[in-house]
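S.K.: Before I ask anything, here is the structure I am working with.
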Amino acid sequence: MVDDVEKRWNDPKTFRRAARYVVGVLILAAIGAVASITWAASRQQCLNAGMLCDGTARAVVGLVPGVTLLLGGIGAFIMAFRAWRVQQNWTIWQGAGWILFTLMVLYLAIAGGAGQ
């Protein structure tokens with residue numbers, strides 16, 4: 001069977017849902033970043049040496065928001081797959097997944113170089 005459903009880039013309802021999803025993931029990642037930075041700054045080992053004084057602090061500050069963005073991106077790709085299976089507009093969800101993956105890579109690159 002040939003799939004004759006075209007890719008639609010203009011679907012306001014799906015776009016709003018995907019945008020709310022991306023904003024929600026970004027808020028969760030920001031909360032995770034603030035929580036991990038607060039934790040790293042309050043550690044006894046790092047009180048005098050600075051916030052990112054050892055590998056544990058750098059790993060937690062880098063990985064908590066990074067994993068949140070990774071899981072959010074995977075969730076967006078799952079939504080794209082589910083929409084594709086029922087022949088709905090899936091391209092907007094795929095775009096949301098790529099946005100979250102790109103932000104994850106950028107955050108991990110910046111966080112990886114922050115402690116040096």
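Starting from 1 in every chain, residues are counted up; chains themselves are A, B, ... following the order of the structure tokens, and ligands are numbered from 1 as listed.
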What's around segment 18-33 of chain A at 10 Å? Count only C-alpha atoms, leave out sequence neighbours fewer than 2 positions away in its own chain, and write the answer as a compact mmCIF listing (two decimals) with all heavy atoms, in the first residue's frame.
M.R.:
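For reference, around-v6.txt as written:
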```
# COMPACT_ATOMS: atom_id res chain seq x y z
N PRO A 12 -1.60 24.17 13.18
CA PRO A 12 -1.48 24.97 14.41
C PRO A 12 -1.71 24.17 15.70
O PRO A 12 -1.02 24.38 16.69
CB PRO A 12 -2.54 26.05 14.25
CG PRO A 12 -2.74 26.17 12.78
CD PRO A 12 -2.54 24.79 12.23
N LYS A 13 -2.65 23.23 15.69
CA LYS A 13 -2.93 22.46 16.90
C LYS A 13 -1.74 21.58 17.28
O LYS A 13 -1.32 21.56 18.44
CB LYS A 13 -4.18 21.60 16.69
CG LYS A 13 -4.58 20.81 17.90
CD LYS A 13 -5.81 19.99 17.62
CE LYS A 13 -6.15 19.12 18.81
NZ LYS A 13 -7.27 18.23 18.54
N THR A 14 -1.17 20.89 16.32
CA THR A 14 -0.01 20.05 16.60
C THR A 14 1.20 20.90 16.97
O THR A 14 1.96 20.55 17.86
CB THR A 14 0.32 19.17 15.37
OG1 THR A 14 -0.83 18.38 15.05
CG2 THR A 14 1.49 18.25 15.65
N PHE A 15 1.35 22.04 16.30
CA PHE A 15 2.46 22.92 16.62
C PHE A 15 2.37 23.42 18.07
O PHE A 15 3.37 23.46 18.78
CB PHE A 15 2.51 24.11 15.65
CG PHE A 15 3.63 25.07 15.96
CD1 PHE A 15 4.93 24.78 15.58
CD2 PHE A 15 3.38 26.23 16.67
CE1 PHE A 15 5.96 25.64 15.88
CE2 PHE A 15 4.40 27.11 16.97
CZ PHE A 15 5.70 26.81 16.58
N ARG A 16 1.18 23.80 18.50
CA ARG A 16 1.02 24.27 19.89
C ARG A 16 1.35 23.17 20.89
O ARG A 16 2.00 23.41 21.90
CB ARG A 16 -0.41 24.79 20.11
CG ARG A 16 -0.63 26.19 19.57
CD ARG A 16 -1.97 26.76 20.04
NE ARG A 16 -3.12 25.97 19.62
CZ ARG A 16 -3.76 26.12 18.47
NH1 ARG A 16 -3.36 27.02 17.61
NH2 ARG A 16 -4.79 25.37 18.17
N ALA A 35 19.03 22.97 40.36
CA ALA A 35 19.17 22.04 41.49
C ALA A 35 20.57 21.44 41.55
O ALA A 35 21.17 21.35 42.63
CB ALA A 35 18.12 20.94 41.39
N SER A 36 21.12 21.04 40.40
CA SER A 36 22.45 20.44 40.42
C SER A 36 23.53 21.47 40.71
O SER A 36 24.51 21.17 41.41
CB SER A 36 22.73 19.72 39.09
OG SER A 36 22.69 20.62 38.01
N ILE A 37 23.38 22.70 40.24
CA ILE A 37 24.35 23.75 40.55
C ILE A 37 24.29 24.10 42.03
O ILE A 37 25.32 24.28 42.69
CB ILE A 37 24.10 24.99 39.67
CG1 ILE A 37 24.52 24.70 38.23
CG2 ILE A 37 24.83 26.21 40.20
CD1 ILE A 37 24.10 25.75 37.23
N THR A 38 23.07 24.17 42.58
CA THR A 38 22.92 24.43 44.01
C THR A 38 23.57 23.32 44.83
O THR A 38 24.28 23.59 45.81
CB THR A 38 21.43 24.57 44.38
OG1 THR A 38 20.86 25.60 43.58
CG2 THR A 38 21.24 24.89 45.84
N TRP A 39 23.34 22.09 44.43
CA TRP A 39 23.95 20.96 45.13
C TRP A 39 25.47 21.03 45.05
O TRP A 39 26.16 20.85 46.05
CB TRP A 39 23.45 19.64 44.54
CG TRP A 39 24.18 18.46 45.08
CD1 TRP A 39 23.94 17.82 46.26
CD2 TRP A 39 25.28 17.79 44.46
NE1 TRP A 39 24.83 16.79 46.40
CE2 TRP A 39 25.66 16.75 45.32
CE3 TRP A 39 25.97 17.97 43.27
CZ2 TRP A 39 26.70 15.89 45.02
CZ3 TRP A 39 27.01 17.12 42.98
CH2 TRP A 39 27.37 16.09 43.84
N VAL A 60 27.60 15.89 37.52
CA VAL A 60 26.20 16.08 37.89
C VAL A 60 25.63 17.32 37.22
O VAL A 60 24.52 17.29 36.66
CB VAL A 60 26.05 16.16 39.43
CG1 VAL A 60 24.66 16.60 39.84
CG2 VAL A 60 26.37 14.80 40.04
N VAL A 61 26.38 18.42 37.23
CA VAL A 61 25.90 19.65 36.61
C VAL A 61 25.74 19.47 35.10
O VAL A 61 24.83 20.04 34.49
CB VAL A 61 26.85 20.83 36.94
CG1 VAL A 61 26.53 22.05 36.10
CG2 VAL A 61 26.76 21.17 38.41
N GLY A 62 26.56 18.65 34.49
CA GLY A 62 26.44 18.42 33.05
C GLY A 62 25.37 17.41 32.69
O GLY A 62 24.64 17.59 31.71
N LEU A 63 25.28 16.34 33.48
CA LEU A 63 24.42 15.23 33.07
C LEU A 63 22.95 15.39 33.45
O LEU A 63 22.09 14.90 32.72
CB LEU A 63 24.96 13.91 33.64
CG LEU A 63 26.24 13.43 32.98
CD1 LEU A 63 26.71 12.14 33.62
CD2 LEU A 63 26.05 13.24 31.49
N VAL A 64 22.64 16.05 34.53
CA VAL A 64 21.22 16.15 34.93
C VAL A 64 20.40 16.87 33.85
O VAL A 64 19.42 16.33 33.35
CB VAL A 64 21.07 16.80 36.33
CG1 VAL A 64 19.63 17.16 36.61
CG2 VAL A 64 21.60 15.86 37.40
N PRO A 65 20.79 18.09 33.43
CA PRO A 65 20.02 18.72 32.35
C PRO A 65 20.21 18.00 31.00
O PRO A 65 19.27 17.93 30.21
CB PRO A 65 20.58 20.14 32.28
CG PRO A 65 21.27 20.35 33.58
CD PRO A 65 21.75 19.02 34.01
N GLY A 66 21.40 17.46 30.77
CA GLY A 66 21.65 16.77 29.51
C GLY A 66 20.76 15.54 29.34
O GLY A 66 20.19 15.31 28.27
N VAL A 67 20.62 14.76 30.39
CA VAL A 67 19.75 13.58 30.34
C VAL A 67 18.28 14.00 30.21
O VAL A 67 17.51 13.35 29.49
CB VAL A 67 19.99 12.68 31.57
CG1 VAL A 67 18.94 11.60 31.69
CG2 VAL A 67 21.38 12.06 31.50
N THR A 68 17.90 15.08 30.86
CA THR A 68 16.53 15.58 30.73
C THR A 68 16.23 15.94 29.28
O THR A 68 15.18 15.59 28.74
CB THR A 68 16.31 16.80 31.64
OG1 THR A 68 16.63 16.44 32.98
CG2 THR A 68 14.89 17.31 31.56
N LEU A 69 17.17 16.65 28.63
CA LEU A 69 16.97 17.00 27.22
C LEU A 69 16.98 15.77 26.32
O LEU A 69 16.22 15.69 25.35
CB LEU A 69 18.05 18.00 26.79
CG LEU A 69 17.94 19.39 27.43
CD1 LEU A 69 19.19 20.20 27.14
CD2 LEU A 69 16.70 20.11 26.93
N LEU A 70 17.83 14.79 26.64
CA LEU A 70 17.87 13.54 25.86
C LEU A 70 16.54 12.82 25.94
O LEU A 70 15.97 12.42 24.92
CB LEU A 70 19.00 12.65 26.36
CG LEU A 70 19.04 11.23 25.78
CD1 LEU A 70 19.41 11.29 24.31
CD2 LEU A 70 19.99 10.36 26.55
N LEU A 71 16.03 12.64 27.16
CA LEU A 71 14.75 11.94 27.32
C LEU A 71 13.60 12.72 26.68
O LEU A 71 12.69 12.11 26.11
CB LEU A 71 14.49 11.69 28.80
CG LEU A 71 15.46 10.72 29.49
CD1 LEU A 71 15.14 10.63 30.98
CD2 LEU A 71 15.43 9.37 28.83
N GLY A 72 13.65 14.04 26.76
CA GLY A 72 12.63 14.85 26.10
C GLY A 72 12.67 14.69 24.59
O GLY A 72 11.63 14.60 23.93
N GLY A 73 13.87 14.64 24.02
CA GLY A 73 14.01 14.42 22.58
C GLY A 73 13.50 13.05 22.16
O GLY A 73 12.80 12.92 21.15
N GLY A 75 11.25 11.36 23.73
CA GLY A 75 9.79 11.43 23.85
C GLY A 75 9.15 12.10 22.65
O GLY A 75 8.10 11.68 22.17
N ALA A 76 9.79 13.15 22.13
CA ALA A 76 9.24 13.83 20.94
C ALA A 76 9.30 12.92 19.72
O ALA A 76 8.36 12.90 18.92
CB ALA A 76 10.02 15.12 20.68
N MET A 79 6.50 10.53 19.97
CA MET A 79 5.25 11.18 19.55
C MET A 79 5.16 11.27 18.02
O MET A 79 4.10 11.08 17.44
CB MET A 79 5.14 12.57 20.17
CG MET A 79 4.99 12.56 21.68
SD MET A 79 3.47 11.78 22.24
CE MET A 79 2.29 12.99 21.71
N ALA A 80 6.31 11.55 17.37
CA ALA A 80 6.33 11.61 15.91
C ALA A 80 5.99 10.24 15.31
O ALA A 80 5.20 10.14 14.36
CB ALA A 80 7.70 12.08 15.41
N ILE A 92 6.15 17.92 12.66
CA ILE A 92 6.35 18.92 13.71
C ILE A 92 6.95 18.28 14.94
O ILE A 92 7.85 18.84 15.57
CB ILE A 92 5.02 19.65 14.01
CG1 ILE A 92 4.60 20.46 12.78
CG2 ILE A 92 5.15 20.53 15.24
CD1 ILE A 92 3.23 21.06 12.87
N TRP A 93 6.50 17.08 15.29
CA TRP A 93 7.08 16.36 16.43
C TRP A 93 8.53 15.97 16.16
O TRP A 93 9.36 15.99 17.07
CB TRP A 93 6.25 15.14 16.77
CG TRP A 93 5.00 15.49 17.51
CD1 TRP A 93 3.73 15.49 17.02
CD2 TRP A 93 4.91 15.94 18.85
NE1 TRP A 93 2.86 15.91 17.99
CE2 TRP A 93 3.56 16.18 19.13
CE3 TRP A 93 5.84 16.16 19.86
CZ2 TRP A 93 3.11 16.62 20.37
CZ3 TRP A 93 5.41 16.60 21.10
CH2 TRP A 93 4.07 16.83 21.34
N GLN A 94 8.81 15.61 14.92
CA GLN A 94 10.19 15.28 14.58
C GLN A 94 11.08 16.51 14.74
O GLN A 94 12.19 16.44 15.26
CB GLN A 94 10.29 14.74 13.16
CG GLN A 94 11.69 14.27 12.81
CD GLN A 94 11.79 13.78 11.39
OE1 GLN A 94 11.06 14.23 10.51
NE2 GLN A 94 12.68 12.85 11.16
N GLY A 95 10.58 17.66 14.32
CA GLY A 95 11.32 18.90 14.50
C GLY A 95 11.56 19.21 15.97
O GLY A 95 12.64 19.66 16.37
N ALA A 96 10.56 18.96 16.81
CA ALA A 96 10.71 19.18 18.25
C ALA A 96 11.79 18.27 18.82
O ALA A 96 12.61 18.70 19.65
CB ALA A 96 9.38 18.94 18.96
N GLY A 97 11.83 17.04 18.36
CA GLY A 97 12.88 16.11 18.82
C GLY A 97 14.26 16.58 18.42
O GLY A 97 15.20 16.54 19.23
N ILE A 99 15.19 19.66 17.78
CA ILE A 99 15.51 20.87 18.56
C ILE A 99 16.05 20.47 19.93
O ILE A 99 17.08 20.98 20.39
CB ILE A 99 14.28 21.78 18.68
CG1 ILE A 99 14.00 22.47 17.35
CG2 ILE A 99 14.46 22.82 19.79
CD1 ILE A 99 12.68 23.20 17.29
N LEU A 100 15.37 19.53 20.59
CA LEU A 100 15.82 19.11 21.93
C LEU A 100 17.17 18.40 21.86
O LEU A 100 18.02 18.59 22.74
CB LEU A 100 14.75 18.24 22.58
CG LEU A 100 13.48 18.99 22.97
CD1 LEU A 100 12.39 18.02 23.41
CD2 LEU A 100 13.77 19.99 24.07
N LEU A 103 19.84 21.10 21.39
CA LEU A 103 20.09 21.81 22.65
C LEU A 103 20.86 20.93 23.64
O LEU A 103 21.70 21.43 24.38
CB LEU A 103 18.76 22.28 23.25
CG LEU A 103 18.06 23.39 22.48
CD1 LEU A 103 16.68 23.66 23.08
CD2 LEU A 103 18.90 24.65 22.46
N MET A 104 20.59 19.63 23.62
CA MET A 104 21.32 18.72 24.49
C MET A 104 22.81 18.71 24.14
O MET A 104 23.67 18.82 25.00
CB MET A 104 20.77 17.30 24.39
CG MET A 104 21.56 16.27 25.19
SD MET A 104 21.30 14.56 24.68
CE MET A 104 21.87 14.56 23.01
```
S.K.: For a quick check of understanding, using only C-alpha atoms, which of A:Ala40, A:Ile78, A:Val34, A:Ala59 has the smallest distance to Trp90 of chain A?
M.R.: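 Under the stated criterion, the closest residue is A:Ile78.
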S.K.: Segment 19-110 of chain A: which residues are alpha helix (DSSP H) by DSSP, as an MDAnalysis selection string?
M.R.: chainID A and resid 19:42 55:85 91:110
S.K.: Please save C-alpha atoms of the selected residues as a PDB file, in the first residue's frame.
M.R.:
```pdb
ATOM      1  CA  ALA A  19       5.780  23.820  21.443  1.00  0.00           C
ATOM      2  CA  ARG A  20       4.276  23.306  24.896  1.00  0.00           C
ATOM      3  CA  TYR A  21       6.110  19.987  25.136  1.00  0.00           C
ATOM      4  CA  VAL A  22       9.471  21.574  24.206  1.00  0.00           C
ATOM      5  CA  VAL A  23       8.947  24.451  26.646  1.00  0.00           C
ATOM      6  CA  GLY A  24       8.028  21.959  29.378  1.00  0.00           C
ATOM      7  CA  VAL A  25      11.182  19.929  28.763  1.00  0.00           C
ATOM      8  CA  LEU A  26      13.270  23.115  28.781  1.00  0.00           C
ATOM      9  CA  ILE A  27      11.717  24.166  32.101  1.00  0.00           C
ATOM     10  CA  LEU A  28      12.482  20.739  33.585  1.00  0.00           C
ATOM     11  CA  ALA A  29      16.066  20.948  32.300  1.00  0.00           C
ATOM     12  CA  ALA A  30      16.445  24.436  33.809  1.00  0.00           C
ATOM     13  CA  ILE A  31      15.094  23.226  37.161  1.00  0.00           C
ATOM     14  CA  GLY A  32      17.527  20.303  36.995  1.00  0.00           C
ATOM     15  CA  ALA A  33      20.396  22.682  36.199  1.00  0.00           C
ATOM     16  CA  VAL A  34      19.544  24.980  39.103  1.00  0.00           C
ATOM     17  CA  ALA A  35      19.166  22.041  41.493  1.00  0.00           C
ATOM     18  CA  SER A  36      22.447  20.440  40.418  1.00  0.00           C
ATOM     19  CA  ILE A  37      24.347  23.752  40.547  1.00  0.00           C
ATOM     20  CA  THR A  38      22.923  24.433  44.012  1.00  0.00           C
ATOM     21  CA  TRP A  39      23.949  20.963  45.133  1.00  0.00           C
ATOM     22  CA  ALA A  40      27.446  21.323  43.667  1.00  0.00           C
ATOM     23  CA  ALA A  41      27.969  24.736  45.257  1.00  0.00           C
ATOM     24  CA  SER A  42      26.881  23.565  48.697  1.00  0.00           C
ATOM     25  CA  GLY A  55      34.702  15.545  38.588  1.00  0.00           C
ATOM     26  CA  THR A  56      31.585  14.582  40.513  1.00  0.00           C
ATOM     27  CA  ALA A  57      30.279  18.143  40.579  1.00  0.00           C
ATOM     28  CA  ARG A  58      31.060  18.654  36.872  1.00  0.00           C
ATOM     29  CA  ALA A  59      29.384  15.361  35.954  1.00  0.00           C
ATOM     30  CA  VAL A  60      26.198  16.081  37.893  1.00  0.00           C
ATOM     31  CA  VAL A  61      25.905  19.655  36.607  1.00  0.00           C
ATOM     32  CA  GLY A  62      26.444  18.416  33.054  1.00  0.00           C
ATOM     33  CA  LEU A  63      24.419  15.231  33.068  1.00  0.00           C
ATOM     34  CA  VAL A  64      21.218  16.150  34.932  1.00  0.00           C
ATOM     35  CA  PRO A  65      20.020  18.723  32.349  1.00  0.00           C
ATOM     36  CA  GLY A  66      21.647  16.765  29.512  1.00  0.00           C
ATOM     37  CA  VAL A  67      19.748  13.576  30.340  1.00  0.00           C
ATOM     38  CA  THR A  68      16.532  15.580  30.730  1.00  0.00           C
ATOM     39  CA  LEU A  69      16.973  17.005  27.220  1.00  0.00           C
ATOM     40  CA  LEU A  70      17.874  13.545  25.864  1.00  0.00           C
ATOM     41  CA  LEU A  71      14.753  11.942  27.320  1.00  0.00           C
ATOM     42  CA  GLY A  72      12.634  14.852  26.097  1.00  0.00           C
ATOM     43  CA  GLY A  73      14.011  14.420  22.582  1.00  0.00           C
ATOM     44  CA  ILE A  74      13.332  10.693  22.646  1.00  0.00           C
ATOM     45  CA  GLY A  75       9.794  11.427  23.847  1.00  0.00           C
ATOM     46  CA  ALA A  76       9.245  13.831  20.943  1.00  0.00           C
ATOM     47  CA  PHE A  77      10.459  11.208  18.466  1.00  0.00           C
ATOM     48  CA  ILE A  78       8.086   8.684  20.025  1.00  0.00           C
ATOM     49  CA  MET A  79       5.249  11.178  19.552  1.00  0.00           C
ATOM     50  CA  ALA A  80       6.328  11.608  15.905  1.00  0.00           C
ATOM     51  CA  PHE A  81       6.283   7.848  15.380  1.00  0.00           C
ATOM     52  CA  ARG A  82       2.876   7.488  16.995  1.00  0.00           C
ATOM     53  CA  ALA A  83       1.467  10.307  14.833  1.00  0.00           C
ATOM     54  CA  TRP A  84       2.996   8.749  11.716  1.00  0.00           C
ATOM     55  CA  ARG A  85       1.404   5.371  12.487  1.00  0.00           C
ATOM     56  CA  THR A  91       6.898  16.295  11.018  1.00  0.00           C
ATOM     57  CA  ILE A  92       6.348  18.924  13.706  1.00  0.00           C
ATOM     58  CA  TRP A  93       7.081  16.363  16.433  1.00  0.00           C
ATOM     59  CA  GLN A  94      10.193  15.278  14.585  1.00  0.00           C
ATOM     60  CA  GLY A  95      11.318  18.903  14.502  1.00  0.00           C
ATOM     61  CA  ALA A  96      10.710  19.181  18.253  1.00  0.00           C
ATOM     62  CA  GLY A  97      12.876  16.113  18.821  1.00  0.00           C
ATOM     63  CA  TRP A  98      15.721  17.535  16.744  1.00  0.00           C
ATOM     64  CA  ILE A  99      15.510  20.866  18.557  1.00  0.00           C
ATOM     65  CA  LEU A 100      15.817  19.112  21.927  1.00  0.00           C
ATOM     66  CA  PHE A 101      18.690  16.908  20.711  1.00  0.00           C
ATOM     67  CA  THR A 102      20.526  19.958  19.359  1.00  0.00           C
ATOM     68  CA  LEU A 103      20.087  21.809  22.646  1.00  0.00           C
ATOM     69  CA  MET A 104      21.323  18.719  24.493  1.00  0.00           C
ATOM     70  CA  VAL A 105      24.511  18.567  22.420  1.00  0.00           C
ATOM     71  CA  LEU A 106      25.109  22.303  22.849  1.00  0.00           C
ATOM     72  CA  TYR A 107      24.559  22.127  26.612  1.00  0.00           C
ATOM     73  CA  LEU A 108      26.845  19.112  27.018  1.00  0.00           C
ATOM     74  CA  ALA A 109      29.549  20.793  24.929  1.00  0.00           C
ATOM     75  CA  ILE A 110      29.374  23.953  27.026  1.00  0.00           C
TER      76      ILE A 110
END
```
